[in-house]
file my_file-v6.txt (compact mmCIF, C-alpha atoms and all ligand atoms)
# COMPACT_ATOMS: atom_id res chain seq x y z
CA MET A 11 -27.84 -0.24 -9.64
CA LEU A 12 -24.65 1.68 -10.55
CA ILE A 13 -23.34 5.11 -9.60
CA ASP A 14 -21.04 7.28 -11.68
CA THR A 15 -19.35 9.31 -8.94
CA HIS A 16 -17.52 11.67 -11.31
CA CYS A 17 -18.91 12.89 -14.59
CA HIS A 18 -18.81 16.24 -16.44
CA LEU A 19 -21.99 15.71 -18.41
CA TYR A 20 -22.71 19.46 -18.49
CA LEU A 21 -19.77 20.15 -20.87
CA PRO A 22 -20.39 21.14 -24.52
CA GLU A 23 -19.28 17.64 -25.61
CA PHE A 24 -22.76 16.37 -24.64
CA GLU A 25 -24.87 19.28 -25.90
CA GLN A 26 -26.02 17.49 -29.04
CA ASP A 27 -27.19 14.22 -27.54
CA ILE A 28 -27.66 14.66 -23.82
CA ASP A 29 -31.07 12.92 -23.76
CA GLU A 30 -29.77 9.85 -25.59
CA THR A 31 -26.68 9.80 -23.36
CA ILE A 32 -28.89 9.76 -20.26
CA LYS A 33 -31.09 7.03 -21.75
CA ARG A 34 -28.05 4.85 -22.47
CA ALA A 35 -26.87 5.33 -18.87
CA GLU A 36 -30.28 4.43 -17.45
CA ALA A 37 -30.43 1.37 -19.71
CA GLN A 38 -27.26 0.17 -17.92
CA SER A 39 -28.90 0.71 -14.49
CA VAL A 40 -26.98 3.90 -13.73
CA SER A 41 -29.24 5.45 -11.12
CA LYS A 42 -27.05 8.30 -9.91
CA ILE A 43 -24.58 10.58 -11.68
CA ILE A 44 -22.50 12.98 -9.61
CA LEU A 45 -21.54 16.20 -11.40
CA PRO A 46 -18.42 17.89 -10.02
CA ASN A 47 -17.97 21.57 -10.77
CA ILE A 48 -14.77 23.10 -12.27
CA ASP A 49 -15.06 26.90 -11.87
CA SER A 50 -17.60 29.74 -11.76
CA GLU A 51 -18.28 29.42 -15.51
CA SER A 52 -19.38 25.80 -15.23
CA LEU A 53 -21.85 26.46 -12.40
CA ASN A 54 -24.68 27.50 -14.65
CA PRO A 55 -24.58 24.60 -17.13
CA MET A 56 -24.09 22.18 -14.24
CA PHE A 57 -27.11 23.39 -12.25
CA THR A 58 -29.24 23.59 -15.40
CA LEU A 59 -28.55 19.92 -16.07
CA TYR A 60 -29.12 19.06 -12.42
CA ASN A 61 -32.51 20.81 -12.44
CA SER A 62 -33.57 18.83 -15.51
CA ASN A 63 -33.43 15.61 -13.46
CA ALA A 64 -32.72 16.09 -9.77
CA THR A 65 -33.30 12.40 -9.06
CA LEU A 66 -30.60 11.17 -11.40
CA PHE A 67 -28.08 13.95 -10.83
CA SER A 68 -26.28 15.27 -7.77
CA THR A 69 -23.85 18.20 -7.74
CA THR A 70 -20.73 19.35 -5.96
CA ILE A 71 -19.11 22.78 -6.14
CA GLY A 72 -15.44 23.66 -6.19
CA LEU A 73 -12.60 25.38 -7.99
CA HIS A 74 -10.50 22.86 -9.96
CA PRO A 75 -6.73 23.33 -9.42
CA CYS A 76 -6.21 23.83 -13.18
CA SER A 77 -8.65 26.76 -12.99
CA VAL A 78 -6.73 28.43 -10.14
CA LYS A 79 -5.12 31.60 -11.54
CA LYS A 80 -4.27 35.07 -10.21
CA ASP A 81 -7.97 35.81 -9.71
CA TYR A 82 -8.64 32.69 -7.60
CA GLU A 83 -10.09 34.66 -4.66
CA GLU A 84 -12.70 36.23 -6.90
CA GLU A 85 -13.49 32.79 -8.37
CA LEU A 86 -13.87 31.28 -4.92
CA SER A 87 -16.23 34.00 -3.82
CA LYS A 88 -18.37 33.57 -6.97
CA ILE A 89 -18.62 29.85 -6.23
CA PHE A 90 -19.02 29.87 -2.46
CA LYS A 91 -20.68 33.16 -1.54
CA ASP A 92 -23.88 32.58 -3.48
CA TYR A 93 -26.30 30.71 -1.27
CA THR A 94 -28.26 29.33 -4.24
CA ASN A 95 -25.13 27.36 -5.22
CA ILE A 96 -25.02 25.71 -1.86
CA ILE A 97 -28.52 24.42 -1.12
CA ASN A 98 -28.46 21.32 -3.30
CA ILE A 99 -24.84 20.19 -3.22
CA ILE A 100 -23.64 16.91 -1.74
CA GLY A 101 -19.91 17.68 -1.64
CA ILE A 102 -17.00 19.98 -2.49
CA GLY A 103 -15.09 19.29 -5.70
CA GLU A 104 -13.27 18.95 -7.65
CA ILE A 105 -10.42 20.48 -5.68
CA GLY A 106 -6.75 19.74 -5.15
CA ILE A 107 -3.32 20.39 -6.64
CA ASP A 108 -2.16 19.79 -10.21
CA LEU A 109 1.55 20.22 -10.95
CA TYR A 110 1.44 18.36 -14.25
CA TRP A 111 0.01 21.04 -16.52
CA ASP A 112 1.31 24.21 -14.90
CA LYS A 113 3.27 25.02 -11.73
CA THR A 114 2.93 28.82 -12.05
CA PHE A 115 0.12 29.09 -9.51
CA PHE A 116 1.25 26.43 -7.05
CA LYS A 117 1.00 28.84 -4.08
CA GLU A 118 -2.46 29.95 -5.18
CA GLN A 119 -3.52 26.32 -5.70
CA GLN A 120 -2.49 25.55 -2.11
CA LYS A 121 -4.44 28.53 -0.77
CA ALA A 122 -7.55 27.69 -2.78
CA PHE A 123 -7.31 24.06 -1.65
CA ASP A 124 -7.02 25.16 1.98
CA PHE A 125 -10.04 27.43 1.71
CA GLN A 126 -12.16 24.66 0.20
CA LEU A 127 -11.05 22.00 2.68
CA ASN A 128 -11.98 24.34 5.50
CA TYR A 129 -15.34 24.95 3.90
CA ALA A 130 -15.93 21.19 3.59
CA CYS A 131 -15.11 20.63 7.27
CA GLU A 132 -17.27 23.50 8.48
CA ASN A 133 -20.24 22.23 6.46
CA ASP A 134 -19.63 18.51 7.03
CA LEU A 135 -19.34 17.78 3.29
CA PRO A 136 -17.12 15.18 1.59
CA VAL A 137 -14.45 16.35 -0.85
CA ILE A 138 -13.57 15.14 -4.36
CA ILE A 139 -9.81 15.42 -4.73
CA HIS A 140 -7.96 15.98 -8.00
CA SER A 141 -4.23 15.29 -7.72
CA ARG A 142 -1.72 15.08 -10.53
CA ASN A 143 2.06 14.98 -9.93
CA SER A 144 1.20 16.26 -6.48
CA LEU A 145 0.25 13.35 -4.25
CA LYS A 146 2.76 14.20 -1.52
CA GLU A 147 1.72 17.87 -1.46
CA VAL A 148 -1.96 16.90 -1.29
CA LEU A 149 -1.48 14.32 1.48
CA ASP A 150 0.54 16.82 3.55
CA ILE A 151 -2.33 19.31 3.44
CA LEU A 152 -5.01 16.66 4.05
CA LYS A 153 -3.27 15.53 7.25
CA ILE A 154 -4.07 18.90 8.79
CA TYR A 155 -7.80 18.42 8.16
CA LEU A 156 -8.26 14.80 9.15
CA PRO A 157 -8.75 15.60 12.86
CA LYS A 158 -11.55 17.97 11.79
CA GLY A 159 -13.45 15.02 10.33
CA LEU A 160 -12.58 15.54 6.67
CA ARG A 161 -13.69 12.69 4.40
CA GLY A 162 -13.65 12.19 0.65
CA VAL A 163 -12.44 10.46 -2.47
CA PHE A 164 -9.31 10.65 -4.61
CA HIS A 165 -10.93 10.95 -7.99
CA CYS A 166 -9.15 9.08 -10.80
CA PHE A 167 -6.64 7.89 -8.23
CA PRO A 168 -3.17 8.49 -9.68
CA GLY A 169 -0.78 6.58 -7.40
CA ASN A 170 0.78 3.23 -6.62
CA LEU A 171 -0.22 0.61 -4.06
CA GLU A 172 1.77 2.17 -1.19
CA GLU A 173 0.09 5.50 -1.78
CA ALA A 174 -3.30 3.84 -2.10
CA LYS A 175 -2.79 2.22 1.31
CA GLN A 176 -1.94 5.60 2.81
CA ILE A 177 -5.14 7.09 1.42
CA VAL A 178 -7.20 4.22 2.76
CA ASP A 179 -5.53 4.77 6.16
CA PHE A 180 -6.82 8.34 5.96
CA GLY A 181 -10.32 6.84 5.61
CA PHE A 182 -10.57 8.15 2.05
CA TYR A 183 -11.99 6.29 -0.95
CA LEU A 184 -10.26 5.65 -4.28
CA GLY A 185 -12.14 6.70 -7.41
CA ILE A 186 -11.46 4.07 -10.07
CA GLY A 187 -12.16 4.76 -13.73
CA GLY A 188 -11.09 4.01 -17.30
CA ILE A 189 -7.34 3.97 -16.59
CA LEU A 190 -7.83 0.60 -14.89
CA THR A 191 -8.66 -0.91 -18.28
CA TYR A 192 -5.48 0.38 -19.98
CA LYS A 193 -2.30 -1.66 -20.38
CA ASN A 194 0.62 -1.12 -17.99
CA ASN A 195 -1.06 0.87 -15.26
CA ASN A 196 -0.62 0.95 -11.48
CA MET A 197 -4.31 0.48 -10.97
CA LEU A 198 -4.27 -3.29 -11.53
CA GLU A 199 -2.09 -3.82 -8.46
CA VAL A 200 -4.04 -1.23 -6.48
CA VAL A 201 -7.45 -2.72 -7.25
CA GLU A 202 -6.18 -6.25 -6.67
CA ASN A 203 -4.95 -5.41 -3.17
CA ILE A 204 -7.27 -2.73 -1.84
CA ASN A 205 -10.49 -3.83 -0.16
CA LEU A 206 -13.61 -3.20 -2.23
CA GLU A 207 -15.00 -1.24 0.73
CA TYR A 208 -12.70 1.65 -0.29
CA ILE A 209 -13.46 1.78 -3.99
CA LEU A 210 -15.83 4.09 -5.88
CA THR A 211 -16.57 3.79 -9.59
CA GLU A 212 -16.39 6.79 -11.90
CA THR A 213 -16.11 7.61 -15.60
CA ASP A 214 -14.74 11.21 -15.57
CA SER A 215 -16.74 11.65 -18.79
CA PRO A 216 -16.02 12.94 -21.39
CA TYR A 217 -12.41 11.92 -20.64
CA LEU A 218 -10.58 8.61 -20.13
CA SER A 219 -12.95 6.16 -21.85
CA PRO A 220 -12.48 2.59 -20.70
CA VAL A 221 -11.59 -0.24 -23.09
CA PRO A 222 -13.35 -1.12 -25.47
CA HIS A 223 -14.37 2.51 -25.97
CA ARG A 224 -10.88 3.98 -25.54
CA GLY A 225 -10.25 6.98 -27.80
CA LYS A 226 -13.94 7.85 -28.03
CA ARG A 227 -15.91 10.28 -25.87
CA ASN A 228 -16.58 8.74 -22.48
CA GLU A 229 -20.12 8.63 -21.04
CA PRO A 230 -21.79 7.33 -17.85
CA ALA A 231 -23.15 4.16 -19.53
CA PHE A 232 -19.52 2.98 -19.77
CA ILE A 233 -19.33 2.68 -15.98
CA ILE A 234 -20.41 -0.91 -16.59
CA GLU A 235 -16.97 -1.63 -18.16
CA ILE A 236 -15.23 -0.39 -14.99
CA VAL A 237 -17.37 -2.62 -12.79
CA LYS A 238 -16.67 -5.58 -15.11
CA TYR A 239 -12.92 -4.98 -14.88
CA ILE A 240 -12.93 -4.69 -11.09
CA SER A 241 -14.99 -7.85 -10.95
CA LYS A 242 -12.50 -9.70 -13.18
CA ILE A 243 -9.40 -8.45 -11.33
CA LYS A 244 -10.74 -9.16 -7.85
CA ASN A 245 -12.55 -12.30 -8.89
CA ILE A 246 -15.74 -11.13 -7.21
CA ASP A 247 -18.98 -11.36 -9.12
CA PHE A 248 -20.35 -8.36 -10.97
CA GLU A 249 -23.47 -7.94 -8.85
CA LYS A 250 -21.46 -7.88 -5.66
CA VAL A 251 -18.96 -5.31 -7.01
CA ALA A 252 -21.90 -3.18 -8.16
CA SER A 253 -23.69 -3.37 -4.84
CA ILE A 254 -20.63 -2.69 -2.65
CA THR A 255 -19.30 0.23 -4.72
CA THR A 256 -22.81 1.69 -4.84
CA LYS A 257 -23.10 1.36 -1.08
CA ASN A 258 -19.71 3.08 -0.68
CA ALA A 259 -20.85 6.04 -2.78
CA LYS A 260 -24.11 6.29 -0.83
CA THR A 261 -22.22 6.29 2.44
CA LEU A 262 -19.64 8.90 1.45
CA PHE A 263 -22.08 11.32 -0.18
CA LYS A 264 -25.00 10.53 2.15
CA LEU A 265 -27.28 9.69 -0.78
CA GLN A 266 -30.78 8.30 -0.31
ZN ZN B 1 -13.18 15.72 -13.27

call {"tool": "encode", "arguments": {"input": "my_file-v6.txt", "output": "structure tokens"}}
result
Amino acid sequence: MLIDTHCHLYLPEFEQDIDETIKRAEAQSVSKIILPNIDSESLNPMFTLYNSNATLFSTTIGLHPCSVKKDYEEELSKIFKDYTNIINIIGIGEIGIDLYWDKTFFKEQQKAFDFQLNYACENDLPVIIHSRNSLKEVLDILKIYLPKGLRGVFHCFPGNLEEAKQIVDFGFYLGIGGILTYKNNNMLEVVENINLEYILTETDSPYLSPVPHRGKRNEPAFIIEIVKYISKIKNIDFEKVASITTKNAKTLFKLQ
């Protein structure tokens, strides 16, 4: 049994062949796919997909840092004030700070992040963190929330081994995806040295396809390539990597 802890299967990229995509995932023993939300626009397609198969899918809600603009307060209220959005979610995400694409709304990104971390603590929900060129800024904010019981995962973990150790010290998980399979990446050293107990597997579909599918659209069936790579790097057999990373995801997101 495998879990894809981060997958945007509700995006238009999958409109044409969603049923086949799901079948391919199930054929690879993917039994849970977590759908993180991006902004108010993506709520509807995400919940529609969720409702089509509530056993396979789980959802989280959140305002992605790249979607934080001048109107972020309005966006947050659209996402968080509607009770129907909240009943079925298992976490808050994806949220965080992204200083790679655009620094214009850095202040607003911090405020939106704060609001959503507070919300996660108050509702005892794990968070899915997106951080790009912003690890220090993100860790500084997270420190404030750790005493309130905040838990979560750094999706598509972007850092080096030192930073990975710091995140593990926070009790957070590292989301490992396709980047691990690319040449010259930090992730090899990170995965080699970090205990499997802190690793979650994810595809981030449709982005970041693992080798040998690099360059093509990513999909949840490819999670098997990530597990194979982790297994090879850590020299732990495939079944054991699958069962421990699945257990980690179940623990963090309180899945059945
Ligand atoms: Zn994502």

call {"tool": "closest_residue", "arguments": {"input": "my_file-v6.txt", "among": "A:Tyr20, A:Gly162, A:Arg227, A:Glu104", "to": "Lys264 (chain A)", "atoms": "all atoms listed in the file"}}
result
A:Gly162

call {"tool": "residues_near_point", "arguments": {"input": "my_file-v6.txt", "point": "(-23.2, 20.8, -0.6)", "cutoff": "12 Å", "atoms": "all atoms listed in the file", "output": "PDB file with C-alpha atoms, in the coordinates of the input"}}
result
ATOM      1  CA  ILE A  44     -22.500  12.980  -9.610  1.00  0.00           C
ATOM      2  CA  LEU A  45     -21.540  16.200 -11.400  1.00  0.00           C
ATOM      3  CA  PRO A  46     -18.420  17.890 -10.020  1.00  0.00           C
ATOM      4  CA  ASN A  47     -17.970  21.570 -10.770  1.00  0.00           C
ATOM      5  CA  SER A  68     -26.280  15.270  -7.770  1.00  0.00           C
ATOM      6  CA  THR A  69     -23.850  18.200  -7.740  1.00  0.00           C
ATOM      7  CA  THR A  70     -20.730  19.350  -5.960  1.00  0.00           C
ATOM      8  CA  ILE A  71     -19.110  22.780  -6.140  1.00  0.00           C
ATOM      9  CA  GLY A  72     -15.440  23.660  -6.190  1.00  0.00           C
ATOM     10  CA  ILE A  89     -18.620  29.850  -6.230  1.00  0.00           C
ATOM     11  CA  PHE A  90     -19.020  29.870  -2.460  1.00  0.00           C
ATOM     12  CA  TYR A  93     -26.300  30.710  -1.270  1.00  0.00           C
ATOM     13  CA  THR A  94     -28.260  29.330  -4.240  1.00  0.00           C
ATOM     14  CA  ASN A  95     -25.130  27.360  -5.220  1.00  0.00           C
ATOM     15  CA  ILE A  96     -25.020  25.710  -1.860  1.00  0.00           C
ATOM     16  CA  ILE A  97     -28.520  24.420  -1.120  1.00  0.00           C
ATOM     17  CA  ASN A  98     -28.460  21.320  -3.300  1.00  0.00           C
ATOM     18  CA  ILE A  99     -24.840  20.190  -3.220  1.00  0.00           C
ATOM     19  CA  ILE A 100     -23.640  16.910  -1.740  1.00  0.00           C
ATOM     20  CA  GLY A 101     -19.910  17.680  -1.640  1.00  0.00           C
ATOM     21  CA  ILE A 102     -17.000  19.980  -2.490  1.00  0.00           C
ATOM     22  CA  GLY A 103     -15.090  19.290  -5.700  1.00  0.00           C
ATOM     23  CA  GLN A 126     -12.160  24.660   0.200  1.00  0.00           C
ATOM     24  CA  TYR A 129     -15.340  24.950   3.900  1.00  0.00           C
ATOM     25  CA  ALA A 130     -15.930  21.190   3.590  1.00  0.00           C
ATOM     26  CA  CYS A 131     -15.110  20.630   7.270  1.00  0.00           C
ATOM     27  CA  GLU A 132     -17.270  23.500   8.480  1.00  0.00           C
ATOM     28  CA  ASN A 133     -20.240  22.230   6.460  1.00  0.00           C
ATOM     29  CA  ASP A 134     -19.630  18.510   7.030  1.00  0.00           C
ATOM     30  CA  LEU A 135     -19.340  17.780   3.290  1.00  0.00           C
ATOM     31  CA  PRO A 136     -17.120  15.180   1.590  1.00  0.00           C
ATOM     32  CA  VAL A 137     -14.450  16.350  -0.850  1.00  0.00           C
ATOM     33  CA  ILE A 138     -13.570  15.140  -4.360  1.00  0.00           C
ATOM     34  CA  PHE A 263     -22.080  11.320  -0.180  1.00  0.00           C
ATOM     35  CA  LYS A 264     -25.000  10.530   2.150  1.00  0.00           C
ATOM     36  CA  LEU A 265     -27.280   9.690  -0.780  1.00  0.00           C
TER      37      LEU A 265
END

call {"tool": "residues_near_ligand", "arguments": {"input": "my_file-v6.txt", "ligand": "ligand ZN 1 (chain B)", "cutoff": "8 Å", "atoms": "only C-alpha atoms and all ligand atoms", "output": "list in words"}}
result
His16, Cys17, His18, Pro46, Asn47, Ile48, Glu104, His140, His165, Asp214 and Ser215 of chain A

call {"tool": "closest_residue", "arguments": {"input": "my_file-v6.txt", "among": "A:Ile177, A:Leu12, A:Ala231, A:Ala122", "to": "Lys80 (chain A)", "atoms": "only C-alpha atoms"}}
result
A:Ala122

call {"tool": "closest_residue", "arguments": {"input": "my_file-v6.txt", "among": "A:Glu207, A:Asp81, A:Asp247, A:Glu235", "to": "Phe182 (chain A)", "atoms": "all atoms listed in the file"}}
result
A:Glu207

call {"tool": "residues_near_point", "arguments": {"input": "my_file-v6.txt", "point": "(-14.8, 1.4, -20.7)", "cutoff": "10 Å", "atoms": "only C-alpha atoms", "output": "ChimeraX atom specification"}}
result
/A:187-192,213,218-224,226,228-239

call {"tool": "residues_around", "arguments": {"input": "my_file-v6.txt", "residues": "Lys117 (chain A)", "least_positions_apart": "6", "cutoff": "10 Å", "atoms": "all atoms listed in the file", "output": "list in words"}}
result
Val78, Ile107 and Phe123 of chain A

call {"tool": "atom_distance", "arguments": {"input": "my_file-v6.txt", "atom1": "CA of Glu23 (chain A)", "atom2": "CA of Leu109 (chain A)"}}
result
25.6 Å
